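Asker: Contents of my_file09.cif (mmCIF, C-alpha atoms) are given next:
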```cif
data_input
loop_
_atom_site.label_atom_id
_atom_site.label_comp_id
_atom_site.auth_asym_id
_atom_site.auth_seq_id
_atom_site.Cartn_x
_atom_site.Cartn_y
_atom_site.Cartn_z
CA MET D 1 0.17 -282.13 -69.37
CA ALA D 2 1.92 -279.09 -70.87
CA TRP D 3 -1.13 -276.87 -70.37
CA LEU D 4 -1.26 -277.85 -66.69
CA THR D 5 2.41 -276.95 -66.26
CA ILE D 6 1.84 -273.58 -67.92
CA LEU D 7 -1.20 -272.97 -65.71
CA VAL D 8 0.76 -273.75 -62.54
CA ILE D 9 3.65 -271.52 -63.60
CA THR D 10 1.22 -268.74 -64.45
CA LEU D 11 -0.57 -268.95 -61.11
CA THR D 12 2.51 -269.39 -58.90
CA LEU D 13 4.92 -266.97 -60.56
CA ALA D 14 3.62 -264.98 -63.55
CA VAL D 15 0.43 -263.61 -61.97
CA PRO D 16 2.09 -262.69 -58.64
CA LEU D 17 4.90 -260.93 -60.53
CA ALA D 18 2.35 -259.06 -62.65
CA LEU D 19 0.49 -257.91 -59.54
CA LEU D 20 3.66 -256.92 -57.70
CA ALA D 21 5.05 -255.06 -60.73
CA TRP D 22 1.71 -253.28 -61.17
CA LEU D 23 1.66 -252.28 -57.50
CA LEU D 24 5.30 -251.22 -57.22
CA PHE D 25 5.60 -249.39 -60.54
CA GLY D 26 2.16 -247.85 -60.08
CA ARG D 27 3.35 -246.38 -56.80
CA LEU D 28 6.55 -245.08 -58.39
CA TYR D 29 4.52 -243.39 -61.14
CA ALA D 30 1.95 -242.00 -58.69
CA ARG D 31 4.69 -240.51 -56.48
CA GLY D 32 6.37 -238.90 -59.47
CA GLN D 33 9.57 -240.89 -58.96
CA LEU D 34 9.25 -242.42 -62.42
CA GLU D 35 8.02 -240.74 -65.59
CA ARG D 36 5.65 -242.43 -68.01
CA GLY D 37 6.63 -242.94 -71.64
CA LEU D 38 10.40 -243.21 -71.16
CA ASP D 39 12.52 -245.13 -73.63
CA LYS D 40 14.29 -248.26 -72.37
CA LYS D 41 17.60 -246.51 -71.66
CA SER D 42 15.98 -243.66 -69.71
CA PHE D 43 13.74 -246.10 -67.85
CA LYS D 44 16.75 -248.14 -66.69
CA ALA D 45 18.60 -244.97 -65.68
CA SER D 46 15.59 -243.85 -63.64
CA LEU D 47 15.39 -247.22 -61.90
CA LYS D 48 19.09 -247.00 -61.10
CA ARG D 49 18.56 -243.52 -59.59
CA ILE D 50 15.57 -244.78 -57.56
CA ARG D 51 17.64 -247.74 -56.34
CA SER D 52 20.42 -245.45 -55.09
CA GLU D 53 17.88 -243.12 -53.43
CA SER D 54 16.20 -246.05 -51.68
CA LYS D 55 19.41 -246.77 -49.78
CA THR D 56 18.84 -243.61 -47.72
CA ASN D 57 15.01 -243.68 -47.66
CA ARG D 58 13.71 -246.24 -45.15
CA GLY D 59 10.00 -245.40 -45.36
CA ASP D 60 8.44 -248.06 -47.62
CA PHE D 61 9.11 -251.67 -46.59
CA LEU D 62 7.92 -253.38 -49.79
CA HIS D 63 9.74 -250.94 -52.07
CA ASN D 64 12.96 -251.17 -50.05
CA ARG D 65 12.93 -255.00 -50.06
CA TRP D 66 12.44 -255.01 -53.82
CA MET D 67 15.32 -252.58 -54.27
CA LYS D 68 17.55 -254.67 -51.99
CA PHE D 69 17.00 -257.55 -54.41
CA GLY D 70 18.15 -255.27 -57.23
CA GLY D 71 14.88 -253.72 -58.43
CA GLY D 72 13.65 -254.55 -61.91
CA PHE D 73 12.51 -257.95 -63.13
CA TYR D 74 15.12 -260.22 -61.57
CA GLY D 75 14.90 -258.46 -58.21
CA LEU D 76 11.13 -258.76 -58.16
CA ALA D 77 11.26 -262.46 -59.03
CA ALA D 78 13.89 -263.06 -56.32
CA PHE D 79 11.84 -261.08 -53.81
CA TRP D 80 8.68 -263.10 -54.58
CA THR D 81 10.62 -266.36 -54.42
CA PHE D 82 12.14 -265.42 -51.06
CA ALA D 83 8.67 -264.60 -49.71
CA CYS D 84 7.34 -267.97 -50.95
CA ILE D 85 10.25 -269.87 -49.42
CA GLU D 86 9.82 -268.12 -46.07
CA VAL D 87 6.05 -268.59 -45.92
CA THR D 88 6.43 -272.27 -46.83
CA GLU D 89 9.07 -272.82 -44.14
CA VAL D 90 7.21 -270.90 -41.43
CA THR D 91 3.99 -272.77 -42.20
CA GLY D 92 5.81 -276.10 -42.12
CA PHE D 93 7.50 -275.15 -38.85
CA ILE D 94 4.21 -274.19 -37.20
CA LEU D 95 2.39 -277.28 -38.43
CA ASN D 96 5.24 -279.60 -37.42
CA PHE D 97 6.46 -277.77 -34.32
CA PRO D 98 9.09 -280.03 -32.74
CA GLY D 99 8.84 -278.46 -29.28
CA PHE D 100 11.19 -276.14 -27.46
CA ALA D 101 13.34 -278.95 -26.14
CA ALA D 102 14.16 -280.10 -29.68
CA LEU D 103 14.79 -276.52 -30.88
CA PHE D 104 17.33 -275.81 -28.17
CA ALA D 105 18.74 -279.33 -27.76
CA ASP D 106 22.17 -278.21 -28.99
CA GLY D 107 22.03 -274.93 -27.08
CA ILE D 108 20.82 -271.43 -27.78
CA PRO D 109 23.90 -270.34 -29.79
CA ALA D 110 23.54 -273.37 -32.08
CA PHE D 111 19.86 -272.51 -32.60
CA PHE D 112 20.70 -268.96 -33.74
CA ILE D 113 23.57 -270.15 -35.94
CA SER D 114 21.24 -272.68 -37.56
CA LEU D 115 18.65 -269.94 -38.09
CA ALA D 116 21.24 -267.63 -39.71
CA VAL D 117 22.53 -270.41 -41.99
CA ASN D 118 18.97 -271.20 -43.03
CA GLN D 119 18.36 -267.54 -43.94
CA VAL D 120 21.51 -267.43 -46.06
CA LEU D 121 20.46 -270.63 -47.87
CA ASN D 122 16.96 -269.23 -48.45
CA LEU D 123 18.46 -266.04 -49.85
CA ALA D 124 20.71 -268.04 -52.16
CA SER D 125 17.72 -270.08 -53.35
CA ALA D 126 15.76 -266.89 -53.96
CA LEU D 127 18.57 -265.35 -55.98
CA ALA D 128 18.72 -268.56 -58.03
CA TRP D 129 14.94 -268.49 -58.49
CA VAL D 130 15.15 -269.69 -62.10
CA THR D 131 16.42 -273.02 -60.83
CA TRP D 132 14.43 -273.11 -57.56
CA TRP D 133 10.93 -272.94 -59.06
CA PRO D 134 11.29 -275.86 -61.52
CA GLY D 135 12.36 -278.07 -58.63
CA GLN D 136 9.22 -277.17 -56.69
CA VAL D 137 6.56 -277.70 -59.33
CA PHE D 138 6.62 -280.27 -62.15
CA GLY D 139 10.30 -279.78 -62.98
CA ALA D 140 9.45 -277.75 -66.10
CA SER D 141 12.24 -276.13 -68.06
CA PRO D 142 13.81 -273.09 -66.40
CA ALA D 143 13.43 -271.30 -69.75
CA LEU D 144 9.65 -271.74 -69.55
CA TRP D 145 9.60 -270.40 -65.99
CA LEU D 146 11.75 -267.44 -67.04
CA ALA D 147 9.62 -266.64 -70.10
CA LEU D 148 6.29 -266.77 -68.28
CA ALA D 149 7.64 -264.85 -65.30
CA TYR D 150 9.00 -262.12 -67.55
CA GLY D 151 5.68 -261.99 -69.39
CA GLY D 152 3.88 -261.48 -66.09
CA TYR D 153 6.32 -258.76 -65.09
CA LEU D 154 5.84 -256.95 -68.39
CA CYS D 155 2.05 -257.16 -68.04
CA GLY D 156 2.24 -255.55 -64.60
CA LEU D 157 4.60 -252.88 -65.88
CA GLN D 158 2.24 -252.10 -68.78
CA LEU D 159 -0.74 -251.84 -66.41
CA ALA D 160 1.18 -249.36 -64.28
CA GLN D 161 2.38 -247.33 -67.29
CA ARG D 162 -1.19 -247.08 -68.62
CA GLU D 163 -2.45 -245.86 -65.24
CA VAL D 164 -4.78 -248.82 -64.78
CA THR D 165 -6.14 -248.78 -61.23
CA LEU D 166 -8.39 -251.12 -59.30
CA GLN D 167 -11.16 -248.54 -59.65
CA SER D 168 -10.76 -248.36 -63.44
CA LEU D 169 -10.80 -252.16 -63.61
CA ARG D 170 -14.01 -252.31 -61.58
CA GLU D 171 -15.62 -249.79 -63.91
CA ARG D 172 -14.57 -251.74 -67.01
CA LEU D 173 -15.77 -255.06 -65.60
CA ARG D 174 -19.05 -253.75 -64.19
CA PRO D 175 -21.99 -254.72 -66.38
CA SER D 176 -23.74 -251.75 -68.01
#
```
So, in terms of structure tokens, how does the structure I just supplied come out?

Answerer:
Amino acid sequence: MAWLTILVITLTLAVPLALLAWLLFGRLYARGQLERGLDKKSFKASLKRIRSESKTNRGDFLHNRWMKFGGGFYGLAAFWTFACIEVTEVTGFILNFPGFAALFADGIPAFFISLAVNQVLNLASALAWVTWWPGQVFGASPALWLALAYGGYLCGLQLAQREVTLQSLRERLRPS
């Protein structure tokens, strides 16, 4: 049973974090916003600078959302969790659509207040992602979720630092 739990955690959180970290950090390196080969202290300082610059730059949706969640590992995990919560709720809403009469039964203002409260609760759940994920799948230890998620994040960061691209992966995986 433990291997199944680890597999589920890997597929639902670690792999998506690895892919997102690879994408986001790869873009930062490609744009020249982040230098390769920095020590930990310089790397954190660069991320802090990028975070403050992103407050004025509104061009890149994905990057800006990540930075709004704090950037770095925890921000990326919260961002992914928020996306999962929203997709799950929207899918459930569409599949179980109660009808317009039920949506607006208490009035239009109550509908929008309910929507706003729901968004705040989803944001709080996303920020507490370490406790949200275990409640969704198997109830595994939050420490296990945290460890595997961080491992996925580090893998994505390493792929970006080593300039691994989809093209280079295709070339490596293509039979000779």

Asker: Hey, can you check how far CA of Glu35 in chain D sits from CA of Arg162 in chain D?

Answerer: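 These two atoms are separated by 11.6 Å.
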
Asker: Could you tell me how far CA of Arg65 in chain D sits from CA of Phe111 in chain D, in Å to one decimal place?

Answerer: 25.7 Å

Asker: So what do you get for CA of Met67 in chain D versus CA of Leu24 in chain D, distance-wise?

Answerer: 10.5 Å

Asker: Taking 6 positions as the minimum chain separation for residues in the same chain, which residues sit within 9 Å of Ile6 in chain D when counting all atoms listed in the file? Answer as an mmCIF file with C-alpha atoms, in the coordinates of the input.

Answerer:
```cif
data_model
loop_
_atom_site.group_PDB
_atom_site.id
_atom_site.type_symbol
_atom_site.label_atom_id
_atom_site.label_comp_id
_atom_site.auth_asym_id
_atom_site.auth_seq_id
_atom_site.Cartn_x
_atom_site.Cartn_y
_atom_site.Cartn_z
ATOM 1 C CA ALA D 140 9.450 -277.750 -66.100
ATOM 2 C CA LEU D 144 9.650 -271.740 -69.550
ATOM 3 C CA TRP D 145 9.600 -270.400 -65.990
ATOM 4 C CA LEU D 148 6.290 -266.770 -68.280
#
```

Asker: Which is closer to Gly26 in chain D than all the others in D:Leu38, D:His63, D:Phe100, D:Arg174, using all atoms listed in the file?

Answerer: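 Of D:Leu38, D:His63, D:Phe100, D:Arg174, the one nearest Gly26 in chain D is D:His63, counting all atoms listed in the file.
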
Asker: Could you tell me, as a PyMOL selection string, which residues have any atom at most 12 Å from (12.0, -259.6, -48.5), counting only C-alpha atoms?

Answerer: chain D and resi 61-71+75-87+119+122-123+126-127

Asker: Quick check on the file I pasted: which residues fall under the PyMOL selection byres ((chain D and resi 27) around 12)? Write them as number ranges by chain.

Answerer: D: 20-26, 28-35, 60, 62-63, 157, 159-161, 163-165

Asker: Which one of D:Leu95, D:Leu13, D:Ala18, D:Val8 sits closest to Tyr153 in chain D if you count all atoms listed in the file?

Answerer: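 Closest to Tyr153 in chain D, using all atoms listed in the file: D:Ala18.
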
Asker: Which residues would end up in the selection if the PyMOL selection byres ((chain D and resi 138) around 10) were applied here, given that I need the answer as a ChimeraX atom specification?

Answerer: /D:1-2,4-5,8-9,133-137,139-141

Asker: Find the residue from D:Val130, D:Ala45, D:Ala110, D:Ala14 that sits nearest to Gly151 in chain D; use all atoms listed in the file when measuring.

Answerer: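 Nearest candidate to Gly151 in chain D out of D:Val130, D:Ala45, D:Ala110, D:Ala14: D:Ala14.
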
Asker: I need the residue nearest Phe43 in chain D from this list: D:Gly72, D:Phe93, D:Gln167, D:Thr56. Use only C-alpha atoms for the distance.

Answerer: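 Among the listed residues, D:Gly72 lies closest to Phe43 in chain D.
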
Asker: Point out the residue among D:Val120, D:Leu47, D:Ala101, D:Val90 with the least atom-to-atom distance to Phe73 in chain D, counting only C-alpha atoms.

Answerer: D:Leu47
